[in-house]
There are 2 protein chains.
Amino acid sequence: MKVYNFSAGPSMLSEDVKIEAQRDFLNYSNSGMSVTEMSHRSKQFEEIHNAGISLLRELMNISNNYAVLFLQGGASQQFDAVPLNLLKTGRADYIVTGNFASKAAQEAKKYGDISIAASSKNKNYNYIPDLDTIVFRENIDYVHITQNNTIFGTRYTSLPKTSAPLVTDASSMILSEELDVAKFGLIYAGAQKNIGPAGLTVVIVRKDLISTPMSICPTMLKYSIQEENNSLYNTPPCFCIYMAMLAFKQLKKMGGIQEIYKLNVRKADLLYDFIDNSAFYTNNVNKKDRSLMNVPFTTPSAELDASFVKEAANYGLVSLKGHRSVGGMRASIYNAMPIDGVEKLISFMKQFEIQNKSCH
Amino acid sequence: MKVYNFSAGPSMLSEDVKIEAQRDFLNYSNSGMSVTEMSHRSKQFEEIHNAGISLLRELMNISNNYAVLFLQGGASQQFDAVPLNLLKTGRADYIVTGNFASKAAQEAKKYGDISIAASSKNKNYNYIPDLDTIVFRENIDYVHITQNNTIFGTRYTSLPKTSAPLVTDASSMILSEELDVAKFGLIYAGAQKNIGPAGLTVVIVRKDLISTPMSICPTMLKYSIQEENNSLYNTPPCFCIYMAMLAFKQLKKMGGIQEIYKLNVRKADLLYDFIDNSAFYTNNVNKKDRSLMNVPFTTPSAELDASFVKEAANYGLVSLKGHRSVGGMRASIYNAMPIDGVEKLISFMKQFEIQNKSCH
């Protein structure tokens, strides 16, 4: 049975990428070796690594005053790396729109004077605060946002107005829609949602911001060191970088971010429209702030939610359970989720509704 | 042509492990998913993760008062994590036996009063200092050693005498010979030499040592947090953990560390004996400190070294170039290097010697 994986991350990878990786698994490019075992200093791996970086630069239109880094540790490690590298005056403002945004702010408080400029906690993070009314402090080193909130299914559709460098956790939205990189000081993203296997973290950072990390910053977390060494200060997660490179190549072949964005909007519209027109399913996110990537929804009861998740899995629709802080279901429909997956989900939702409406 | 990969890391993986990973790459255990894309909270991945941990516990005979952690960032990140977690009085002693040992001490100096108890730098690290004459300071939090020195081809054949917890960077020797875990406070190792693909770091640490990390320690680097969360505080490098689990399973099937150690001794003996009996090749490491894993050697000239590396590659013996700080060649013969690989290397060395002896 064909399985559609709605996991929030690690998540579905493109069939073409997986097939190519499997085909070349024992013998990459006639080297007689697997990418899982070749030296990160070998000619073959250097080509993979540099192709990955230049494809990402091309896809996101990243200018040369930004470094593109391939790191480890996930977004959670960036929660520390960002303040350790970017705090100069020691002050930064955070907008808190979910668990990860809150953790990011919490970590940063170890290293400086961190203020929560706005939060949507009062409504269990089901909206993005009104950006026009936020007043940031003067003389801050950066403003931090979490651009798509995986757990709560929200996203920023515009950016906060600030003269300070804008730092974004783009883990669950990178490459899903166009970003004007020039508007950001730093963009970071765990790979395991829209890029490739878990174990790779992408950081795109304005080079002029990274020259003075704090003295207590671990060397591995210093962007300047990673930039000087083209992310090869020590052994990188080679196989993850290889699969990311394949995903970038495929996205380019499909027409780039502009094209995938259209598909993402189509997938999200299909699902939200169906939910909004149903009396059985609910998505309680502020409409204008709805995520294109993560769609949380509920049935009329927690018991039905549990049956839904279970029956859906038997039907080949897996990892639909919502995060415990919101309950219900969550369909993560990242770049690699084909439209058929969303259609099959909706058809299952219809069927489940018919079977369970009367008994409620 | 069959290729033997003598890279110091990432390095050769076992044929059986690679074949199984390729076979199941698109559909792991009938899940319809690749391990590269499945949720780290899924039942399938949890089984892989926990099997990996318990196989390692079994292979190394690790008691329950030690945590086994699967982390990211390589040994280089542990250079900071170790002092950030283990410094209490703020003092630790390091033995410096190579570049990585020196870097480890350097990083630790950011966080405490670090003393170099002994060093072999005076002879470009071609020996291990006499452990019987080393005097450690009183009231130190730990003693740090680098148990096998990848670049210089040395290894500890006994351990320093200290009542402080002993911390070892075992990256290039873990699983190659038996370790009495109870003698250590902490063992850490990057996976990309004797375990699996790059991107995974194994930490084995006595639980009573990790309860009071420094306040500036990033949460991701806190062993206590990782232990409480069974290394699933955030998304782990799932595919690397999967391949490590396969390697552990295979090592167990082969008879465990005792058996692989015998093979490793046989491989190393073959190569060292050949070098020692040759007037053409030289290994200048103190005999009793010679590594079982990394064998540096030279021909009579730098020019011949360069031809050796090039011609060997054409013959299917790749990544034999020595590190720039020692020059010449280095044959890394980790667990996954079969004895045929060493035999083929020796036969090439003989042939190269015959062809080049006269003209020197």
# chains A, B, ... in the order shown; residues from 1 in each chain; ligands from 1
$ select_by_dssp --residues "stretch 104-222 of chain B" --states "strand (DSSP E)" --output "number ranges by chain"
B: 113-119, 142-146, 148-149, 154-155, 166-169, 186-190, 201-206
$ write_last_selection --atoms "N, CA and C atoms" --output "tab-separated table (two decimals), in the first residue's frame"
chain	number	residue	atom	x	y	z
B	113	ASP	N	39.92	26.36	34.67
B	113	ASP	CA	41.37	26.36	34.88
B	113	ASP	C	41.90	25.01	34.39
B	114	ILE	N	42.44	25.02	33.19
B	114	ILE	CA	42.84	23.78	32.53
B	114	ILE	C	44.35	23.70	32.51
B	115	SER	N	44.88	22.55	32.92
B	115	SER	CA	46.33	22.39	32.93
B	115	SER	C	46.73	21.23	32.03
B	116	ILE	N	47.84	21.41	31.31
B	116	ILE	CA	48.35	20.33	30.46
B	116	ILE	C	49.29	19.49	31.34
B	117	ALA	N	48.82	18.33	31.70
B	117	ALA	CA	49.58	17.48	32.63
B	117	ALA	C	50.77	16.83	31.92
B	118	ALA	N	50.64	16.58	30.63
B	118	ALA	CA	51.73	15.99	29.85
B	118	ALA	C	51.43	16.20	28.37
B	119	SER	N	52.48	16.19	27.58
B	119	SER	CA	52.30	16.41	26.14
B	119	SER	C	53.41	15.67	25.39
B	142	TYR	N	38.23	16.33	36.33
B	142	TYR	CA	38.46	15.17	35.46
B	142	TYR	C	39.84	15.25	34.82
B	143	VAL	N	40.25	14.11	34.27
B	143	VAL	CA	41.46	14.05	33.43
B	143	VAL	C	40.98	13.67	32.02
B	144	HIS	N	41.48	14.39	31.01
B	144	HIS	CA	41.04	14.15	29.62
B	144	HIS	C	42.17	13.56	28.79
B	145	ILE	N	41.86	12.46	28.11
B	145	ILE	CA	42.83	11.88	27.17
B	145	ILE	C	42.19	11.68	25.79
B	146	THR	N	43.04	11.52	24.78
B	146	THR	CA	42.59	11.18	23.43
B	146	THR	C	43.18	9.81	23.14
B	148	ASN	N	43.11	7.34	20.95
B	148	ASN	CA	43.81	6.96	19.72
B	148	ASN	C	43.96	8.23	18.91
B	149	ASN	N	45.16	8.48	18.42
B	149	ASN	CA	45.41	9.73	17.72
B	149	ASN	C	45.48	9.48	16.22
B	154	THR	N	49.03	7.00	17.05
B	154	THR	CA	49.39	6.47	18.37
B	154	THR	C	48.13	6.06	19.14
B	155	ARG	N	48.34	5.23	20.14
B	155	ARG	CA	47.22	4.84	21.00
B	155	ARG	C	47.71	4.56	22.42
B	166	LEU	N	37.96	9.84	34.56
B	166	LEU	CA	38.76	9.85	33.33
B	166	LEU	C	37.82	10.06	32.14
B	167	VAL	N	38.12	11.06	31.33
B	167	VAL	CA	37.32	11.36	30.13
B	167	VAL	C	38.16	10.99	28.92
B	168	THR	N	37.58	10.21	27.99
B	168	THR	CA	38.37	9.85	26.82
B	168	THR	C	37.65	10.19	25.52
B	169	ASP	N	38.39	10.78	24.60
B	169	ASP	CA	37.94	10.91	23.22
B	169	ASP	C	38.32	9.59	22.54
B	186	LEU	N	33.63	9.35	31.42
B	186	LEU	CA	32.93	9.69	30.18
B	186	LEU	C	33.75	9.21	28.98
B	187	ILE	N	33.05	8.62	28.02
B	187	ILE	CA	33.66	8.17	26.76
B	187	ILE	C	32.88	8.85	25.64
B	188	TYR	N	33.58	9.54	24.74
B	188	TYR	CA	32.83	10.09	23.60
B	188	TYR	C	33.50	9.72	22.29
B	189	ALA	N	32.70	9.67	21.24
B	189	ALA	CA	33.23	9.25	19.94
B	189	ALA	C	32.35	9.73	18.81
B	190	GLY	N	32.96	10.37	17.83
B	190	GLY	CA	32.26	10.61	16.57
B	190	GLY	C	32.04	9.27	15.89
B	201	THR	N	27.21	11.34	17.21
B	201	THR	CA	28.26	11.30	18.22
B	201	THR	C	27.75	10.51	19.41
B	202	VAL	N	28.51	9.52	19.82
B	202	VAL	CA	28.10	8.69	20.95
B	202	VAL	C	28.77	9.20	22.22
B	203	VAL	N	27.98	9.35	23.27
B	203	VAL	CA	28.52	9.72	24.58
B	203	VAL	C	28.07	8.69	25.61
B	204	ILE	N	29.02	8.16	26.35
B	204	ILE	CA	28.73	7.21	27.43
B	204	ILE	C	29.23	7.89	28.70
B	205	VAL	N	28.32	8.18	29.61
B	205	VAL	CA	28.74	9.02	30.75
B	205	VAL	C	28.11	8.53	32.05
B	206	ARG	N	28.91	8.56	33.11
B	206	ARG	CA	28.44	8.18	34.44
B	206	ARG	C	27.37	9.16	34.88
$ residues_around --residues "B:Lys18" --least-positions-apart "3" --cutoff "9 Å" --atoms "only C-alpha atoms" --output "ChimeraX atom specification"
/A:25-26,34,36 /B:13-15,21-23,243,246
$ closest_residue --among "A:Ser347, A:Asn356, A:Ser158, A:Asn286" --to "A:Glu303" --atoms "only C-alpha atoms"
A:Asn356
$ residues_around --residues "B:Leu59" --least-positions-apart "3" --cutoff "9 Å" --atoms "only C-alpha atoms" --output "VMD selection string"
chain B and resid 54 to 56 62 175 248 251 to 252 256 to 257
$ residues_around --residues "A:Leu263" --least-positions-apart "6" --cutoff "10 Å" --atoms "only C-alpha atoms" --output "ChimeraX atom specification"
/A:176,257,269,335,337-339
$ residues_around --residues "A:Lys321" --least-positions-apart "6" --cutoff "12 Å" --atoms "only C-alpha atoms" --output "JSON list (two decimals) with C-alpha atoms, in the first residue's frame"
[["chain", "number", "residue", "atom", "x", "y", "z"],
["A", 5, "ASN", "CA", 3.41, 10.42, 5.71],
["A", 6, "PHE", "CA", 1.93, 13.54, 7.36],
["A", 7, "SER", "CA", 4.62, 13.75, 10.05],
["A", 8, "ALA", "CA", 5.63, 17.25, 11.19],
["A", 151, "ILE", "CA", 2.59, 22.71, 16.36],
["A", 294, "ASN", "CA", 0.91, 22.33, 9.04],
["A", 295, "VAL", "CA", -2.85, 22.01, 9.27],
["A", 296, "PRO", "CA", -4.17, 21.10, 12.72],
["A", 297, "PHE", "CA", -7.81, 20.01, 12.91],
["A", 298, "THR", "CA", -10.21, 18.23, 15.23],
["A", 302, "ALA", "CA", -11.19, 13.45, 21.58],
["A", 304, "LEU", "CA", -13.21, 10.39, 17.54],
["A", 305, "ASP", "CA", -9.82, 12.09, 17.10],
["A", 306, "ALA", "CA", -8.15, 8.96, 18.42],
["A", 307, "SER", "CA", -10.14, 6.68, 16.10],
["A", 308, "PHE", "CA", -9.41, 9.01, 13.20],
["A", 309, "VAL", "CA", -5.66, 8.75, 13.71],
["A", 310, "LYS", "CA", -5.82, 4.98, 14.02],
["A", 311, "GLU", "CA", -8.10, 4.33, 11.07],
["A", 312, "ALA", "CA", -6.25, 6.79, 8.87],
["A", 313, "ALA", "CA", -3.02, 4.88, 9.51],
["A", 327, "GLY", "CA", -4.64, 17.70, 20.56],
["A", 328, "GLY", "CA", -6.60, 16.39, 17.58],
["A", 329, "MET", "CA", -4.86, 15.84, 14.28],
["A", 330, "ARG", "CA", -2.20, 17.66, 12.31],
["A", 331, "ALA", "CA", -1.57, 17.16, 8.60],
["A", 332, "SER", "CA", 1.91, 18.35, 7.67],
["B", 39, "SER", "CA", 9.04, 10.60, 12.44],
["B", 41, "ARG", "CA", 8.39, 9.70, 17.48],
["B", 42, "SER", "CA", 7.15, 6.78, 15.35]]
